[in-house]
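Next comes query.txt, with compact mmCIF, C-alpha atoms.
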# COMPACT_ATOMS: atom_id res chain seq x y z
CA ASN V 128 33.67 -6.53 47.51
CA LYS V 129 34.07 -9.60 45.31
CA LEU V 130 30.71 -10.95 46.49
CA LEU V 131 29.05 -7.60 45.83
CA ASN V 132 30.55 -7.39 42.34
CA LEU V 133 29.43 -10.95 41.63
CA ILE V 134 25.88 -10.12 42.74
CA LYS V 135 25.87 -6.98 40.57
CA MET V 136 27.12 -8.98 37.59
CA LYS V 137 24.44 -11.64 38.05
CA VAL V 138 21.70 -9.01 38.40
CA GLY V 139 22.97 -7.25 35.28
CA GLU V 140 22.97 -10.50 33.31
CA SER V 141 19.42 -11.34 34.46
CA LEU V 142 18.21 -7.87 33.45
CA MET V 143 19.91 -8.20 30.07
CA PHE V 144 18.31 -11.60 29.42
CA ALA V 145 14.94 -10.21 30.53
CA LYS V 146 15.26 -7.36 28.00
CA ILE V 147 16.29 -9.78 25.23
CA LYS V 148 13.36 -12.06 26.08
CA LYS V 149 10.96 -9.10 26.03
CA ARG V 150 12.24 -7.92 22.64
CA LEU V 151 12.01 -11.43 21.18
CA LYS V 152 8.46 -11.75 22.48
CA LYS V 153 7.51 -8.45 20.82
CA SER V 154 9.18 -9.31 17.51
CA PHE V 155 7.98 -12.94 17.38
CA PRO V 156 4.76 -12.23 15.38
CA LEU V 157 6.76 -10.28 12.79
CA LEU V 158 9.41 -13.00 12.52
CA LEU V 159 6.72 -15.67 12.23
CA THR V 160 5.02 -13.74 9.42
CA LEU V 161 8.30 -13.40 7.51
CA VAL V 162 9.12 -17.10 7.91
CA VAL V 163 5.65 -18.19 6.74
CA CYS V 164 5.82 -15.85 3.71
CA PHE V 165 9.29 -17.15 2.86
CA PHE V 166 8.24 -20.80 2.88
CA VAL V 167 4.95 -20.16 1.03
CA TRP V 168 6.84 -18.23 -1.66
CA ASP V 169 9.50 -20.94 -1.88
CA PHE V 170 6.83 -23.64 -2.18
CA PHE V 171 5.10 -21.97 -5.13
CA ALA V 172 8.44 -21.10 -6.75
CA CYS V 173 9.45 -24.79 -6.66
CA LEU V 174 5.98 -25.81 -7.84
CA ILE V 175 5.94 -23.46 -10.85
CA ASP V 176 9.68 -23.84 -11.55
CA LYS V 177 9.85 -20.95 -14.04
CA PRO V 178 12.00 -17.78 -14.20
CA ILE V 179 8.87 -15.65 -13.71
CA LEU V 180 8.83 -16.69 -10.03
CA PRO V 181 12.38 -17.15 -8.72
CA ARG V 182 13.03 -18.69 -5.33
CA PRO V 183 13.19 -16.21 -2.45
CA ILE V 184 16.77 -17.07 -1.54
CA ILE V 185 17.84 -16.06 -5.09
CA VAL V 186 15.91 -12.79 -4.84
CA LEU V 187 17.43 -12.03 -1.42
CA ARG V 188 20.94 -12.59 -2.79
CA HIS V 189 20.17 -10.27 -5.70
CA PHE V 190 18.67 -7.76 -3.26
CA LYS V 191 21.97 -7.76 -1.37
CA VAL V 192 23.89 -7.14 -4.61
CA LEU V 193 21.58 -4.26 -5.58
CA TRP V 194 21.86 -2.73 -2.12
CA LYS V 195 25.67 -2.90 -2.14
CA SER V 196 25.87 -1.41 -5.62
CA GLY V 197 23.42 1.37 -4.72
CA ALA V 198 21.42 0.83 -7.91
CA MET V 199 18.08 1.13 -6.11
CA LEU V 200 18.93 3.97 -3.74
CA PRO V 201 17.98 6.89 -6.07
CA HIS V 202 14.61 5.25 -6.74
CA ILE V 203 14.03 4.59 -3.03
CA PHE V 204 14.81 8.21 -2.16
CA SER V 205 12.54 9.48 -4.95
CA SER V 206 9.59 7.39 -3.75
CA ILE V 207 10.07 8.28 -0.07
CA TYR V 208 10.44 11.97 -0.93
CA ARG V 209 7.18 11.98 -2.91
CA LEU V 210 5.37 10.08 -0.17
CA ILE V 211 6.51 12.33 2.70
CA ILE V 212 5.84 15.60 0.85
CA SER V 213 2.39 14.39 -0.20
CA VAL V 214 1.42 13.41 3.35
CA MET V 215 2.64 16.76 4.73
CA ILE V 216 0.70 18.78 2.16
CA ALA V 217 -2.46 16.71 2.67
CA LEU V 218 -2.28 17.09 6.45
CA LEU V 219 -1.65 20.84 6.33
CA VAL V 220 -4.69 21.38 4.08
CA SER V 221 -7.07 18.79 5.56
CA LEU V 222 -6.50 19.71 9.23
CA PRO V 223 -8.18 23.17 9.10
CA VAL V 224 -10.84 21.88 6.69
CA GLY V 225 -11.72 18.93 8.92
CA LEU V 226 -11.74 21.03 12.11
CA VAL V 227 -13.95 23.75 10.62
CA CYS V 228 -16.40 21.22 9.15
CA GLY V 229 -16.49 19.34 12.45
CA ARG V 230 -17.21 22.40 14.60
CA LYS V 231 -19.34 24.51 12.22
CA GLN V 232 -22.61 22.89 11.16
CA LYS V 233 -23.31 25.34 8.32
CA VAL V 234 -19.88 24.82 6.78
CA ASP V 235 -20.24 21.05 7.17
CA LYS V 236 -23.66 21.11 5.51
CA TYR V 237 -22.35 22.67 2.31
CA PHE V 238 -18.80 21.28 2.20
CA SER V 239 -19.34 17.64 3.21
CA PRO V 240 -21.00 16.62 -0.12
CA PHE V 241 -17.82 17.78 -1.86
CA LEU V 242 -15.72 15.64 0.50
CA TYR V 243 -18.02 12.63 0.02
CA LEU V 244 -17.79 12.95 -3.77
CA GLY V 245 -14.01 13.27 -3.78
CA TYR V 246 -13.57 10.40 -1.34
CA SER V 247 -15.88 8.02 -3.23
CA LEU V 248 -14.28 8.56 -6.64
CA PRO V 249 -11.42 6.22 -7.63
CA LYS V 250 -8.32 8.34 -7.13
CA VAL V 251 -6.72 7.09 -10.34
CA LEU V 252 -9.34 9.11 -12.23
CA PHE V 253 -7.51 12.27 -11.21
CA LEU V 254 -4.24 11.13 -12.80
CA PRO V 255 -4.94 12.06 -16.48
CA ILE V 256 -6.21 15.52 -15.47
CA ILE V 257 -3.24 16.15 -13.20
CA LEU V 258 -0.79 14.97 -15.88
CA ILE V 259 -2.33 17.38 -18.41
CA PHE V 260 -1.94 20.37 -16.10
CA LEU V 261 1.29 19.55 -14.25
CA GLY V 262 3.21 17.37 -16.69
CA LEU V 263 5.30 14.30 -15.91
CA GLY V 264 7.52 15.55 -13.09
CA ASP V 265 7.35 15.09 -9.34
CA SER V 266 4.62 17.72 -8.98
CA SER V 267 1.99 15.58 -10.73
CA LYS V 268 2.72 12.54 -8.57
CA ILE V 269 2.74 14.57 -5.36
CA CYS V 270 -0.49 16.29 -6.40
CA LEU V 271 -2.23 12.94 -7.01
CA LEU V 272 -1.20 11.54 -3.63
CA SER V 273 -2.02 14.78 -1.78
CA THR V 274 -5.45 14.98 -3.39
CA ALA V 275 -6.32 11.40 -2.49
CA LEU V 276 -5.08 11.79 1.09
CA PHE V 277 -6.82 15.14 1.53
CA PHE V 278 -10.32 13.65 1.26
CA HIS V 279 -9.40 10.73 3.51
CA PHE V 280 -7.86 12.91 6.21
CA SER V 281 -10.54 15.61 6.05
CA LEU V 282 -13.43 13.23 6.68
CA LEU V 283 -11.73 11.48 9.59
CA ILE V 284 -10.61 14.74 11.23
CA ARG V 285 -14.12 16.17 10.76
CA ASP V 286 -15.66 13.16 12.53
CA ALA V 287 -13.12 13.44 15.36
CA ALA V 288 -13.88 17.16 15.79
CA LYS V 289 -17.63 16.42 15.78
CA SER V 290 -17.23 13.89 18.58
CA ILE V 291 -15.84 16.51 21.01
CA PRO V 292 -18.57 17.22 23.60
CA ASN V 293 -20.01 20.75 23.43
CA ASN V 294 -19.59 21.20 27.19
CA GLN V 295 -15.82 21.04 26.71
CA THR V 296 -15.85 23.82 24.13
CA GLN V 297 -18.19 25.83 26.36
CA LEU V 298 -15.74 25.34 29.22
CA MET V 299 -12.90 26.73 27.10
CA LYS V 300 -15.07 29.75 26.23
CA SER V 301 -15.90 30.33 29.89
CA LEU V 302 -12.18 30.34 30.64
CA GLN V 303 -11.84 33.02 27.91
CA ALA V 304 -9.45 30.86 25.91
CA THR V 305 -8.21 32.24 22.61
CA PRO V 306 -8.81 30.26 19.38
CA TRP V 307 -5.18 29.12 19.48
CA GLN V 308 -5.51 27.95 23.09
CA THR V 309 -8.72 26.08 22.23
CA PHE V 310 -6.95 24.40 19.34
CA HIS V 311 -3.81 23.60 21.34
CA HIS V 312 -5.47 22.33 24.51
CA LEU V 313 -8.71 20.79 23.19
CA LEU V 314 -9.05 20.26 19.43
CA TRP V 315 -5.52 19.04 18.67
CA PRO V 316 -5.30 16.48 21.53
CA ALA V 317 -8.80 15.21 20.73
CA CYS V 318 -8.06 14.76 17.02
CA LEU V 319 -4.46 13.52 17.30
CA PRO V 320 -5.28 9.78 17.76
CA THR V 321 -7.58 9.97 14.73
CA ILE V 322 -4.85 11.66 12.67
CA VAL V 323 -2.37 8.90 13.54
CA SER V 324 -4.99 6.26 12.67
CA ALA V 325 -5.68 8.08 9.38
CA LEU V 326 -1.96 8.01 8.55
CA ARG V 327 -1.85 4.29 9.32
CA THR V 328 -4.95 3.37 7.29
CA SER V 329 -3.85 5.50 4.32
CA LEU V 330 -0.31 4.11 4.08
CA GLY V 331 -1.28 1.13 1.91
CA MET V 332 -3.41 3.31 -0.37
CA SER V 333 -0.59 5.85 -0.63
CA LEU V 334 1.96 3.23 -1.69
CA ALA V 335 -0.46 1.78 -4.25
CA LEU V 336 -1.16 5.20 -5.77
CA LEU V 337 2.54 6.04 -5.70
CA PHE V 338 3.31 2.86 -7.62
CA ILE V 339 0.66 3.68 -10.24
CA ALA V 340 1.82 7.29 -10.57
CA GLU V 341 5.46 6.26 -11.00
CA THR V 342 4.62 3.93 -13.88
CA PHE V 343 3.45 6.86 -16.05
CA ALA V 344 6.39 8.26 -18.02
CA ALA V 345 8.64 8.42 -14.95
CA ARG V 346 12.41 8.07 -14.79
CA SER V 347 12.75 7.43 -11.07
CA GLY V 348 10.92 5.78 -8.21
CA LEU V 349 10.30 2.18 -7.24
CA GLY V 350 7.18 1.99 -9.44
CA TYR V 351 9.25 2.88 -12.49
CA TYR V 352 12.03 0.53 -11.38
CA ILE V 353 9.66 -2.42 -10.95
CA MET V 354 7.92 -1.91 -14.31
CA ASN V 355 11.24 -1.42 -16.11
CA ALA V 356 12.56 -4.68 -14.62
CA MET V 357 9.36 -6.46 -15.68
CA GLU V 358 9.61 -5.19 -19.27
CA THR V 359 13.25 -6.32 -19.51
CA ARG V 360 12.36 -9.71 -17.96
CA ASN V 361 14.74 -9.03 -15.07
CA TYR V 362 12.57 -10.83 -12.54
CA ASP V 363 15.14 -10.96 -9.76
CA THR V 364 15.39 -7.16 -9.78
CA MET V 365 11.61 -6.82 -10.04
CA TYR V 366 10.97 -8.92 -6.94
CA ALA V 367 13.83 -7.24 -5.05
CA ALA V 368 12.23 -3.84 -5.72
CA MET V 369 8.83 -5.19 -4.64
CA ILE V 370 10.38 -6.40 -1.38
CA THR V 371 11.88 -2.94 -0.91
CA LEU V 372 8.46 -1.34 -1.35
CA GLY V 373 7.07 -3.75 1.23
CA ILE V 374 9.90 -2.91 3.65
CA ILE V 375 9.13 0.80 3.27
CA GLY V 376 5.50 0.11 4.13
CA MET V 377 6.43 -2.03 7.13
CA ILE V 378 8.85 0.61 8.45
CA GLY V 379 6.12 3.21 7.99
CA TYR V 380 3.70 1.20 10.13
CA LEU V 381 6.32 0.66 12.84
CA LEU V 382 7.17 4.38 12.90
CA LEU V 383 3.48 5.26 13.20
CA ASP V 384 3.17 2.86 16.14
CA LEU V 385 6.10 4.62 17.82
CA LEU V 386 4.52 8.00 17.02
CA GLU V 387 1.24 6.92 18.59
CA ASN V 388 2.99 5.61 21.73
CA TRP V 389 4.85 8.91 22.07
CA ALA V 390 2.22 11.46 21.04
CA CYS V 391 -0.83 9.64 22.44
CA SER V 392 0.70 8.13 25.58
CA TRP V 393 -2.37 9.16 27.58
CA LYS V 394 -4.51 7.01 25.28
CA ILE V 395 -2.22 3.99 25.76
CA THR V 396 -2.38 4.47 29.54
CA GLN V 397 -6.19 4.61 29.46
CA HIS V 398 -6.29 1.45 27.35
CA VAL V 399 -4.01 -0.42 29.79
CA ASP V 400 -5.98 0.78 32.83
CA SER V 401 -9.27 -0.32 31.31

Starting from the coordinates I provided, produce the structure as structure tokens.
Amino acid sequence: NKLLNLIKMKVGESLMFAKIKKRLKKSFPLLLTLVVCFFVWDFFACLIDKPILPRPIIVLRHFKVLWKSGAMLPHIFSSIYRLIISVMIALLVSLPVGLVCGRKQKVDKYFSPFLYLGYSLPKVLFLPIILIFLGLGDSSKICLLSTALFFHFSLLIRDAAKSIPNNQTQLMKSLQATPWQTFHHLLWPACLPTIVSALRTSLGMSLALLFIAETFAARSGLGYYIMNAMETRNYDTMYAAMITLGIIGMIGYLLLDLLENWACSWKITQHVDS
């Protein structure tokens, strides 16, 4: 019994070390990136030697103070709320538009020029118009983000729907599938990887637009918080808020990777097999 328990203990330890080694191997590129950024920032901060660019260790200490005091939390929640609501609205509107344009040539012929025009225009151009109609509250910021994401999502979903072979849709018709069954078993699985990729590619643009929108007569959000700290020459707070915005973006990318691994596991399996 003692020998058996000793063997079990050794096997358990080896499995634990194997898991730790695997996690370290996965997180090594991220850790390396953070270390390189830290030392590059520290080098330029020492080179410039001015309050406008404090050393990263000072900013990290201030970040800890802000986090403990909860001074940034309302602004973080405001920004995340606006971002999530905007993405949900854009997806709900762009999904049917993209699917219909992708599967109906006549609709695509007349509607695609509108999508091309909206996608090619700088999204900041919409901000003055939206502010005039919706005012300075959350609705104007959400509307700006949703509008920008709508054109991006619609075009990518349309292209994904177009790429579905016609023989697959004909097969669904021969099986007398209802429109919902066709969507559930064919269109949605075929477009899902593209939707996840669209979310990933639009995250940086969404954060940039959110920052710009929150600098216009706002009283909450990380964009407002950063600009307010800059105007008051509170550079430690400014850089701490910028780091927070970067952390939100990084967490967003990691969550999208997890979503892709869960929702598109068949795609991951095909990639590994090939």

Taking into account only C-alpha atoms, which residue in the set V:Ile374, V:Ile339, V:Val323, V:Leu381 is nearest to V:Tyr351?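 Checking each of V:Ile374, V:Ile339, V:Val323, V:Leu381 against V:Tyr351, counting only C-alpha atoms, the winner is V:Ile339.
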
Requested in this report: Pick out the residues sitting within 6 Å of stretch 269-285 of chain V, and hand them over as a ChimeraX atom specification; count all atoms listed in the file, and ignore anything fewer than 2 positions along from it in its own chain.
Outcome: /V:209,213,217,221,225-226,228-229,242,246,250,266-267,287-288

Within 10 Å of stretch 341-350 of chain V: each stretch 143-233 of chain V residue with its shortest pair, all atoms listed in the file, as CSV:
residue,atom,partner,partner_atom,distance
V:Met199,CA,V:Leu349,CA,7.9
V:Leu200,CA,V:Gly348,CA,9.3
V:Pro201,CA,V:Ser347,CA,7.3
V:His202,CA,V:Gly348,CA,4.0
V:Ile203,CA,V:Leu349,CA,6.1
V:Phe204,CA,V:Gly348,CA,7.6
V:Ser205,CA,V:Gly348,CA,5.2
V:Ser206,CA,V:Gly348,CA,4.9
V:Ile207,CA,V:Gly348,CA,8.6
V:Tyr208,CA,V:Gly348,CA,9.6
V:Arg209,CA,V:Gly348,CA,9.0

Taken to one decimal, the atom CA of V:Gly331-atom CA of V:Leu222 distance is 20.6 Å

- Message: One decimal, in Å: what's the spacing between atom CA of V:Asp363 and atom CA of V:His189?
- Response: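 Distance between the two atoms: 6.5 Å.
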